[in-house]
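File shown: data.cif (mmCIF, C-alpha atoms).
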```
data_start
#
loop_
_atom_site.label_atom_id
_atom_site.label_comp_id
_atom_site.auth_asym_id
_atom_site.auth_seq_id
_atom_site.Cartn_x
_atom_site.Cartn_y
_atom_site.Cartn_z
CA MET A 23 -1.41 -6.78 -8.65
CA ARG A 24 0.54 -3.70 -7.73
CA ARG A 25 0.77 -2.28 -4.26
CA HIS A 26 1.40 1.35 -3.62
CA GLY A 27 2.67 2.50 -0.28
CA GLY A 28 3.49 5.90 1.15
CA ALA A 29 6.15 8.21 -0.13
CA GLU A 30 8.51 7.76 2.79
CA PRO A 31 12.13 7.55 1.53
CA GLY A 32 13.72 4.13 1.74
CA TRP A 33 16.76 5.35 3.70
CA LEU A 34 14.40 6.45 6.49
CA ARG A 35 13.08 2.89 6.69
CA GLY A 36 16.42 1.20 7.27
CA ALA A 37 17.74 1.11 3.70
CA PRO A 38 21.26 2.44 2.91
CA PRO A 39 21.38 6.26 2.71
CA PRO A 40 21.64 7.89 -0.74
CA ARG A 41 25.03 8.94 -2.09
CA TRP A 42 24.41 12.65 -1.48
CA ALA A 43 23.85 11.97 2.23
CA ARG A 44 27.23 10.23 2.45
CA LEU A 45 29.05 12.93 0.48
CA LEU A 46 27.58 15.82 2.45
CA PRO A 47 29.72 15.45 5.64
CA ALA A 48 32.93 15.03 3.59
CA ALA A 49 32.10 18.08 1.46
CA ALA A 50 31.34 20.13 4.56
CA LEU A 51 34.66 19.05 6.11
CA VAL A 52 36.63 20.22 3.07
CA LEU A 53 34.71 23.48 2.65
CA LEU A 54 35.00 24.46 6.32
CA ALA A 55 38.74 23.72 6.35
CA LEU A 56 39.33 25.77 3.19
CA ALA A 57 37.17 28.60 4.48
CA GLN A 58 39.14 28.77 7.71
CA VAL A 59 42.45 28.83 5.86
CA ALA A 60 41.20 31.60 3.55
CA THR A 61 39.85 33.84 6.34
CA PRO A 62 41.87 35.99 8.75
CA SER A 63 43.09 34.30 11.92
CA THR A 64 40.80 36.52 13.98
CA VAL A 65 37.77 34.76 12.48
CA GLU A 66 37.32 31.31 14.02
CA LEU A 67 35.41 28.84 11.81
CA GLY A 68 37.24 25.66 12.68
CA PHE A 69 35.06 24.81 15.63
CA PHE A 70 32.13 24.21 13.25
CA LEU A 71 34.06 21.08 12.33
CA ALA A 72 33.29 19.65 15.76
CA ALA A 73 29.66 19.20 14.71
CA LEU A 74 30.55 17.01 11.74
CA PRO A 75 30.98 13.62 13.50
CA PRO A 76 27.39 13.62 14.89
CA VAL A 77 26.14 14.64 11.43
CA ALA A 78 28.19 11.90 9.77
CA ALA A 79 26.66 9.40 12.21
CA PHE A 80 23.40 9.53 10.25
CA SER A 81 25.11 8.40 7.04
CA TYR A 82 28.07 6.30 8.20
CA GLY A 83 28.70 3.49 10.63
CA ALA A 84 30.75 3.72 13.81
CA LEU A 85 34.06 3.24 11.94
CA GLY A 86 33.34 5.90 9.33
CA THR A 87 32.19 8.34 12.00
CA ALA A 88 35.37 7.66 13.98
CA VAL A 89 37.42 8.56 10.88
CA PHE A 90 35.62 11.90 10.68
CA ALA A 91 36.24 12.51 14.38
CA VAL A 92 39.99 11.81 14.00
CA LEU A 93 40.22 14.09 10.95
CA VAL A 94 38.54 16.91 12.89
CA LEU A 95 40.95 16.45 15.80
CA VAL A 96 43.95 16.51 13.45
CA LEU A 97 42.76 19.63 11.64
CA LEU A 98 42.08 21.47 14.87
CA GLY A 99 45.11 20.17 16.78
CA VAL A 100 47.88 20.65 14.24
CA HIS A 101 48.50 24.40 14.23
CA SER A 102 50.65 24.32 11.12
CA LEU A 103 47.61 23.39 9.04
CA GLY A 104 46.11 26.78 9.83
CA VAL A 105 42.59 25.42 10.46
CA GLY A 106 42.32 25.80 14.21
CA ALA A 107 44.20 26.93 17.26
CA ALA A 108 42.45 24.77 19.82
CA GLY A 109 43.84 24.30 23.28
CA THR A 110 43.93 21.09 25.31
CA VAL A 111 40.56 21.66 26.94
CA ASP A 112 38.97 22.47 23.61
CA LEU A 113 40.37 19.32 22.00
CA VAL A 114 38.98 17.25 24.88
CA ASN A 115 35.54 18.72 24.21
CA VAL A 116 35.88 18.06 20.49
CA ALA A 117 36.97 14.48 21.20
CA ALA A 118 33.93 14.02 23.46
CA VAL A 119 31.62 15.23 20.70
CA GLY A 120 33.35 12.88 18.24
CA LEU A 121 32.91 9.96 20.64
CA LEU A 122 29.24 10.84 20.96
CA GLY A 123 28.95 10.73 17.17
CA VAL A 124 30.52 7.25 17.12
CA VAL A 125 28.01 6.03 19.71
CA ILE A 126 25.13 7.54 17.73
CA ALA A 127 26.34 5.80 14.56
CA TRP A 128 26.60 2.44 16.35
CA VAL A 129 23.12 2.75 17.85
CA ARG A 130 21.65 3.86 14.52
CA ARG A 131 23.17 0.95 12.59
CA ARG A 132 21.90 -1.51 15.19
CA ARG A 133 18.44 0.05 15.11
CA ASP A 134 18.40 -0.03 11.29
CA ALA A 135 19.29 -3.72 11.30
CA GLN A 136 16.46 -4.45 13.74
CA LEU A 137 14.07 -2.32 11.68
CA VAL A 138 14.92 -4.17 8.47
CA SER A 139 14.39 -7.50 10.22
CA VAL A 140 11.03 -6.44 11.67
CA ARG A 141 9.83 -5.02 8.35
CA THR A 142 10.87 -8.18 6.50
CA VAL A 143 8.88 -10.36 8.89
CA ALA A 144 5.90 -7.98 8.83
CA GLU A 145 5.80 -7.84 5.03
CA ALA A 146 6.03 -11.63 4.79
CA ALA A 147 3.14 -11.98 7.26
CA GLN A 148 1.02 -9.40 5.46
CA LEU A 149 1.68 -10.94 2.06
CA ALA A 150 0.63 -14.30 3.49
CA VAL A 151 -2.70 -12.71 4.48
CA LEU A 152 -3.21 -10.85 1.21
CA PRO A 153 -1.04 -12.31 -1.58
CA PRO A 154 -0.88 -10.57 -4.97
CA VAL A 155 -3.54 -11.61 -7.45
CA PRO A 156 -2.11 -13.36 -10.53
CA GLU A 157 -2.56 -11.86 -13.98
CA ARG A 158 -4.92 -14.66 -14.96
CA VAL A 159 -7.17 -16.97 -12.95
CA GLY A 160 -8.78 -19.56 -15.21
CA PRO A 161 -10.49 -17.69 -18.06
CA VAL A 162 -10.46 -14.38 -16.17
CA ARG A 163 -7.71 -11.79 -16.56
CA CYS A 164 -7.00 -9.71 -13.46
CA ALA A 165 -5.25 -6.42 -12.78
CA GLY A 166 -5.45 -4.12 -9.83
CA PHE A 167 -3.81 -2.23 -7.02
CA TYR A 168 -4.07 -2.01 -3.27
CA ARG A 169 -2.96 0.86 -1.07
CA ALA A 170 -3.30 0.82 2.73
CA ALA A 171 -4.04 4.17 4.36
CA GLN A 172 -1.71 3.51 7.30
CA ARG A 173 1.85 4.31 6.22
CA GLY A 174 4.31 1.47 6.38
CA THR A 175 1.71 -1.32 6.04
CA LEU A 176 0.78 -3.49 3.06
CA VAL A 177 -2.60 -4.62 4.41
CA GLY A 178 -5.31 -2.45 5.90
CA GLY A 179 -9.08 -2.74 6.12
CA ASP A 180 -9.75 -3.58 2.46
CA LEU A 181 -9.53 -7.06 0.99
CA TYR A 182 -9.67 -8.79 -2.38
CA ASP A 183 -9.16 -12.24 -3.81
CA VAL A 184 -9.76 -14.15 -7.04
CA ARG A 185 -10.02 -17.94 -6.86
CA GLN A 186 -10.96 -20.73 -9.20
CA GLY A 187 -13.05 -23.64 -7.93
CA PRO A 188 -15.54 -26.26 -9.06
CA TYR A 189 -18.25 -23.62 -9.53
CA GLY A 190 -16.19 -21.22 -11.60
CA VAL A 191 -13.98 -18.24 -10.88
CA ARG A 192 -15.10 -16.29 -7.83
CA VAL A 193 -14.04 -12.83 -6.73
CA VAL A 194 -14.42 -10.93 -3.48
CA VAL A 195 -13.68 -7.28 -2.81
CA GLY A 196 -14.52 -6.03 0.66
CA ASP A 197 -14.08 -3.21 3.14
CA VAL A 198 -13.83 -4.01 6.84
CA GLN A 199 -15.04 -1.51 9.41
CA GLY A 200 -11.98 0.49 10.43
CA HIS A 201 -8.60 0.40 8.74
CA GLY A 202 -4.94 -0.15 9.49
CA LEU A 203 -3.41 -3.02 11.45
CA ALA A 204 -6.45 -3.28 13.75
CA ALA A 205 -8.53 -4.60 10.82
CA VAL A 206 -5.99 -7.15 9.56
CA GLY A 207 -7.37 -9.96 11.75
CA THR A 208 -10.88 -9.47 10.33
CA VAL A 209 -9.47 -9.35 6.80
CA ALA A 210 -7.66 -12.64 7.36
CA ALA A 211 -10.82 -14.28 8.74
CA LEU A 212 -12.94 -13.17 5.79
CA LEU A 213 -10.40 -14.30 3.21
CA GLY A 214 -10.09 -17.70 4.87
CA ALA A 215 -13.87 -18.14 4.85
CA PHE A 216 -14.09 -17.01 1.22
CA ARG A 217 -11.46 -19.51 0.08
CA GLU A 218 -13.40 -22.29 1.79
CA GLY A 219 -16.63 -21.13 0.17
CA VAL A 220 -15.05 -21.16 -3.29
CA LEU A 221 -14.48 -24.89 -2.90
CA ASP A 222 -17.54 -25.94 -0.90
CA ASP A 223 -20.55 -23.68 -1.56
CA PRO A 224 -22.46 -24.22 -4.83
CA GLY A 225 -24.20 -20.81 -4.64
CA LEU A 226 -22.79 -17.31 -4.38
CA ALA A 227 -25.34 -16.36 -1.72
CA ALA A 228 -24.09 -19.28 0.37
CA VAL A 229 -20.56 -17.86 0.20
CA ALA A 230 -21.88 -14.53 1.48
CA ALA A 231 -23.69 -16.32 4.32
CA ARG A 232 -20.45 -18.12 5.22
CA LEU A 233 -18.59 -14.80 5.44
CA ASP A 234 -21.38 -13.37 7.56
CA ARG A 235 -21.23 -16.32 10.00
CA ARG A 236 -17.46 -15.94 10.24
CA LEU A 237 -17.77 -12.33 11.39
CA VAL A 238 -20.59 -13.14 13.80
CA ALA A 239 -18.58 -15.97 15.36
CA ASP A 240 -15.50 -13.75 15.70
CA ALA A 241 -17.57 -11.02 17.35
CA GLU A 242 -19.06 -13.48 19.83
CA ALA A 243 -15.62 -14.91 20.61
CA ALA A 244 -14.32 -11.39 21.26
CA GLY A 245 -17.30 -10.52 23.43
CA VAL A 246 -18.51 -7.63 21.27
CA ARG A 247 -21.81 -6.93 19.57
CA HIS A 248 -22.30 -7.99 15.96
CA ALA A 249 -22.70 -4.41 14.77
CA GLU A 250 -19.21 -3.57 15.98
CA VAL A 251 -17.55 -6.05 13.58
CA PHE A 252 -18.93 -5.74 10.07
CA ALA A 253 -17.81 -5.38 6.47
CA THR A 254 -19.22 -4.45 3.12
CA ALA A 255 -18.37 -6.75 0.25
CA VAL A 256 -19.21 -7.61 -3.33
CA LEU A 257 -18.93 -11.17 -4.64
CA LEU A 258 -18.67 -12.09 -8.32
CA GLU A 259 -18.84 -15.46 -10.02
CA PHE A 260 -17.83 -16.31 -13.58
CA PRO A 261 -19.52 -19.70 -13.93
CA PRO A 262 -18.25 -22.51 -16.13
CA GLY A 263 -20.44 -23.18 -19.12
CA GLU A 264 -20.63 -23.64 -22.86
CA PRO A 265 -18.31 -21.55 -25.05
CA GLY A 266 -19.93 -18.23 -25.86
CA GLU A 267 -22.02 -18.15 -22.68
CA ARG A 268 -20.91 -14.93 -21.00
CA ILE A 269 -22.51 -14.03 -17.71
CA VAL A 270 -21.30 -12.90 -14.33
CA ARG A 271 -23.23 -13.36 -11.10
CA VAL A 272 -23.02 -10.55 -8.58
CA VAL A 273 -23.91 -10.36 -4.88
CA SER A 274 -23.59 -7.01 -3.13
CA CYS A 275 -23.50 -6.76 0.65
CA GLY A 276 -23.76 -3.02 1.16
CA HIS A 277 -20.77 -2.38 -1.14
CA PRO A 278 -20.25 0.29 -3.83
CA PRO A 279 -21.59 -0.83 -7.22
CA VAL A 280 -19.45 -2.67 -9.75
CA VAL A 281 -18.60 -0.57 -12.79
CA ARG A 282 -18.92 -2.16 -16.23
CA VAL A 283 -16.66 -0.53 -18.82
CA ARG A 284 -17.81 -0.92 -22.39
CA GLY A 285 -15.93 1.02 -25.02
CA ARG A 286 -14.82 4.15 -23.20
CA ARG A 287 -17.85 4.48 -21.01
CA GLY A 288 -18.40 3.17 -17.51
CA THR A 289 -21.81 2.37 -16.03
CA GLU A 290 -22.70 1.01 -12.61
CA LEU A 291 -24.32 -2.43 -12.57
CA VAL A 292 -27.79 -2.28 -11.09
CA VAL A 293 -27.76 -4.90 -8.35
CA GLU A 294 -30.17 -5.07 -5.43
CA PRO A 295 -27.92 -4.64 -2.39
CA GLY A 296 -28.00 -6.90 0.62
CA VAL A 297 -27.06 -6.01 4.18
CA PRO A 298 -23.41 -5.73 5.21
CA LEU A 299 -21.64 -8.83 6.48
CA GLY A 300 -21.38 -9.43 10.22
CA LEU A 301 -24.94 -8.57 11.20
CA GLY A 302 -26.10 -12.18 11.27
CA LEU A 303 -28.76 -11.61 8.60
CA ALA A 304 -27.24 -13.20 5.48
CA GLY A 305 -28.21 -16.71 6.60
CA LEU A 306 -31.77 -15.65 7.47
CA ASP A 307 -32.35 -13.44 4.44
CA PRO A 308 -29.85 -14.41 1.71
CA PRO A 309 -28.73 -11.49 -0.45
CA PRO A 310 -30.13 -11.47 -4.00
CA VAL A 311 -27.97 -12.82 -6.80
CA ALA A 312 -27.96 -10.83 -10.05
CA GLU A 313 -26.93 -12.24 -13.42
CA VAL A 314 -25.38 -9.79 -15.87
CA ALA A 315 -24.64 -10.55 -19.52
CA LEU A 316 -21.18 -9.59 -20.72
CA GLU A 317 -19.80 -8.67 -24.12
CA PRO A 318 -16.32 -9.93 -25.11
CA GLU A 319 -14.77 -6.46 -24.68
CA ASP A 320 -16.42 -5.70 -21.33
CA LEU A 321 -14.28 -4.89 -18.34
CA LEU A 322 -15.52 -4.98 -14.75
CA LEU A 323 -14.03 -2.48 -12.34
CA VAL A 324 -14.56 -3.48 -8.72
CA HIS A 325 -13.46 -1.02 -6.06
CA THR A 326 -13.86 -0.05 -2.43
CA ASP A 327 -15.25 3.26 -1.20
CA GLY A 328 -11.72 4.56 -0.81
CA VAL A 329 -12.01 5.50 -4.51
CA THR A 330 -15.44 7.13 -4.76
CA GLU A 331 -15.33 8.75 -1.31
CA ALA A 332 -11.88 10.27 -1.80
CA ARG A 333 -12.05 14.07 -1.79
CA ASP A 334 -9.94 16.92 -3.03
CA ARG A 335 -9.11 19.99 -0.97
CA SER A 336 -12.48 21.58 -1.72
CA GLY A 337 -14.36 18.52 -0.45
CA THR A 338 -15.41 17.27 -3.90
CA PHE A 339 -15.69 13.49 -4.25
CA TYR A 340 -13.61 11.74 -6.89
CA PRO A 341 -15.87 11.41 -9.99
CA LEU A 342 -14.86 7.95 -11.15
CA LEU A 343 -17.41 7.57 -13.96
CA ASP A 344 -16.69 11.04 -15.34
CA ARG A 345 -12.93 10.50 -15.42
CA LEU A 346 -12.99 6.99 -16.88
CA PRO A 347 -13.21 8.08 -20.56
CA GLY A 348 -10.05 10.17 -20.20
CA LEU A 349 -8.26 7.38 -18.37
CA LEU A 350 -9.26 4.82 -21.01
CA ALA A 351 -8.03 7.10 -23.80
CA VAL A 352 -4.58 7.06 -22.22
CA ALA A 353 -4.58 3.47 -20.88
CA PRO A 354 -7.02 1.11 -22.66
CA GLU A 355 -5.48 -2.10 -21.29
CA PRO A 356 -6.66 -3.30 -17.83
CA ALA A 357 -3.22 -3.31 -16.20
CA ASP A 358 -2.44 0.16 -17.56
CA LEU A 359 -5.90 1.41 -16.61
CA VAL A 360 -5.61 0.57 -12.92
CA ASN A 361 -2.16 2.15 -12.74
CA GLU A 362 -3.42 5.31 -14.44
CA LEU A 363 -6.44 5.33 -12.12
CA TRP A 364 -4.15 5.24 -9.10
CA ARG A 365 -2.04 8.10 -10.44
CA ASP A 366 -5.13 10.16 -11.22
CA LEU A 367 -6.64 9.47 -7.80
CA SER A 368 -3.40 10.45 -6.09
CA ARG A 369 -3.24 13.72 -8.02
CA PHE A 370 -6.89 14.49 -7.30
CA THR A 371 -6.61 13.99 -3.54
CA ASP A 372 -2.90 14.59 -2.84
CA GLY A 373 -2.92 11.00 -1.56
CA PRO A 374 -6.14 9.21 -0.45
CA ALA A 375 -6.75 9.11 3.30
CA ASP A 376 -8.56 5.75 3.27
CA ASP A 377 -7.62 2.24 2.17
CA VAL A 378 -8.03 1.82 -1.58
CA ALA A 379 -8.50 -1.41 -3.52
CA VAL A 380 -9.37 -1.80 -7.19
CA LEU A 381 -9.68 -4.89 -9.38
CA ALA A 382 -10.13 -4.88 -13.16
CA LEU A 383 -11.56 -8.14 -14.49
CA THR A 384 -12.03 -9.29 -18.07
CA ARG A 385 -12.84 -12.58 -19.76
CA PRO A 386 -11.39 -12.10 -23.22
CA GLY A 387 -11.62 -15.60 -24.73
CA PRO A 388 -14.39 -18.18 -25.01
CA LEU A 389 -15.58 -19.40 -21.63
CA THR A 390 -13.98 -22.74 -20.72
CA GLY A 391 -14.66 -25.15 -17.88
CA ALA A 392 -13.08 -24.39 -14.53
#
```
Go ahead and express the file in the form of structure tokens.
Amino acid sequence: MRRHGGAEPGWLRGAPPPRWARLLPAAALVLLALAQVATPSTVELGFFLAALPPVAAFSYGALGTAVFAVLVLVLLGVHSLGVGAAGTVDLVNVAAVGLLGVVIAWVRRRRDAQLVSVRTVAEAAQLAVLPPVPERVGPVRCAGFYRAAQRGTLVGGDLYDVRQGPYGVRVVVGDVQGHGLAAVGTVAALLGAFREGVLDDPGLAAVAARLDRRLVADAEAAGVRHAEVFATAVLLEFPPGEPGERIVRVVSCGHPPVVRVRGRRGTELVVEPGVPLGLGLAGLDPPPVAEVALEPEDLLLVHTDGVTEARDRSGTFYPLLDRLPGLLAVAPEPADLVNELWRDLSRFTDGPADDVAVLALTRPGPLTGA
């Protein structure tokens, strides 16, 4: 499972700055000094050097910035060098600016260290909620990607999981109302309930009812109406059985259809949809369970509406089924396909504005017991 975040440069998130950012202040120092020496004495360029320590503070620590400040003072204070002809008052001002640069560098380094620590803890917490899916779960091969709409986060309002239990391999892909960090708590609750259902519930509809009860209970505990905390989801089950028996059971709770890829053509599985989770209706009116026969080469593409509802600048929705043949011609393998799908979606929309989750599932070999 690959995760794709925003395009924000690493050095803006607390990582070490690139080499060009560290070389820029030194290059500017040399060029300004040479330019001053080469120009007539009536043209004063040396005082531009005073701005270099604050600039260096964004690439160097306090010690490195202090070195730049001292070099500027030497160049401006030693008249024989021919760079500047600063007086005492001017040198005091330059020294004050250099000291300010040192303070900026110290504050920036301390902030960067805190930012790295916070991001490390946040990423660990988010990965605990939504760990990467392994390449294989029982007889099912998995590949996919997840991209949260909110920059700087690994988890948003979409969810996925693939688990093996006594009733086979079960899959959930869902989309919680809302996105970003506000939806993470609901995502965690649904995944916890799903993992319990994989072990305890003999039927796929019972798993859906469990997820529905979890959302209803959370809404009541928070003092909000059921309709304010809901999610769409699709559940799949690859049951254990005799070798050669190839079926998948599907339950849809208001979620976009699963796409079956056969050859280089994708078709949506016709499944009677149930109501979204969180409305308190799954236990009263269980969603229908569909059984779909699979061929050995079939691939199931399960996605959230962040794919099919993504739009380009003209407002056109992303045509997933129409673009699948071209994607499969370039990337026939599941892992390559989901990566190519992400790249194509990013080019089509200049970066999707909603959470996006995609899973590609295949069962290449004979079905074996769970």
Written as a ChimeraX atom specification, what is the full residue list that the PyMOL selection byres ((chain A and resi 357-369) around 9) yields on the file shown? /A:23-24,26,157,164-167,323,329,332,334,340,342,345-346,349-350,352-356,370-374,380-382
For this structure, which residues satisfy the selection - the PyMOL selection byres ((chain A and resi 235-241) around 12) - when it is evaluated on the file as given? I want them as a PyMOL selection string. chain A and resi 198-199+207-216+218-219+228-234+242-254+298-306
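For Asp180 (chain A), the residues within 7 Å (counting all atoms listed in the file, excluding itself and residues fewer than 5 positions away along the chain) are Gly196, Asp197, Val198, Asp377, Val378 and Ala379 of chain A.
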Neighbour list for region 89-93 of chain A as an mmCIF file with C-alpha atoms, in the frame of the given file, cut-off 10 Å, all atoms listed in the file, skip fewer than 5 positions in-chain:
```cif
data_model
loop_
_atom_site.group_PDB
_atom_site.id
_atom_site.type_symbol
_atom_site.label_atom_id
_atom_site.label_comp_id
_atom_site.auth_asym_id
_atom_site.auth_seq_id
_atom_site.Cartn_x
_atom_site.Cartn_y
_atom_site.Cartn_z
ATOM 1 C CA PRO A 47 29.720 15.450 5.640
ATOM 2 C CA ALA A 48 32.930 15.030 3.590
ATOM 3 C CA LEU A 51 34.660 19.050 6.110
ATOM 4 C CA LEU A 71 34.060 21.080 12.330
ATOM 5 C CA ALA A 72 33.290 19.650 15.760
ATOM 6 C CA ALA A 73 29.660 19.200 14.710
ATOM 7 C CA LEU A 74 30.550 17.010 11.740
ATOM 8 C CA PRO A 75 30.980 13.620 13.500
ATOM 9 C CA PRO A 76 27.390 13.620 14.890
ATOM 10 C CA VAL A 77 26.140 14.640 11.430
ATOM 11 C CA ALA A 78 28.190 11.900 9.770
ATOM 12 C CA ALA A 79 26.660 9.400 12.210
ATOM 13 C CA TYR A 82 28.070 6.300 8.200
ATOM 14 C CA ALA A 84 30.750 3.720 13.810
ATOM 15 C CA LEU A 98 42.080 21.470 14.870
ATOM 16 C CA GLY A 99 45.110 20.170 16.780
ATOM 17 C CA VAL A 116 35.880 18.060 20.490
ATOM 18 C CA ALA A 117 36.970 14.480 21.200
ATOM 19 C CA ALA A 118 33.930 14.020 23.460
ATOM 20 C CA VAL A 119 31.620 15.230 20.700
ATOM 21 C CA GLY A 120 33.350 12.880 18.240
ATOM 22 C CA LEU A 121 32.910 9.960 20.640
ATOM 23 C CA LEU A 122 29.240 10.840 20.960
ATOM 24 C CA GLY A 123 28.950 10.730 17.170
ATOM 25 C CA VAL A 124 30.520 7.250 17.120
#
```
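Of the residues listed (A:Phe260, A:Tyr168, A:Trp42, A:Phe80), A:Phe80 shows the shortest atom-to-atom separation from Trp128 (chain A); distances use only C-alpha atoms.
With all atoms listed in the file as the atoms that count, the residue of A:Ala170, A:Leu322, A:Ala351, A:Val195 with the shortest distance to Ala375 (chain A) is A:Ala170.
The space between CA of Ser274 (chain A) and CA of Pro310 (chain A) spans 8.0 Å.
Against the coordinates shown, the PyMOL selection byres ((chain A and resi 280) around 8) returns Pro278, Pro279, Val281, Arg282, Glu290, Leu291, Leu322, Leu323, Val324 and His325 of chain A.
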Provide the CA of Val220 (chain A) to CA of Leu321 (chain A) distance in Å, to one decimal place. 22.2 Å
Using all atoms listed in the file, determine which residues lie at most 8 Å from Leu226 (chain A), disregarding the query and same-chain residues fewer than 3 positions distant; provide the list as number ranges by chain. A: 223, 229-230, 257-259, 271-273, 311
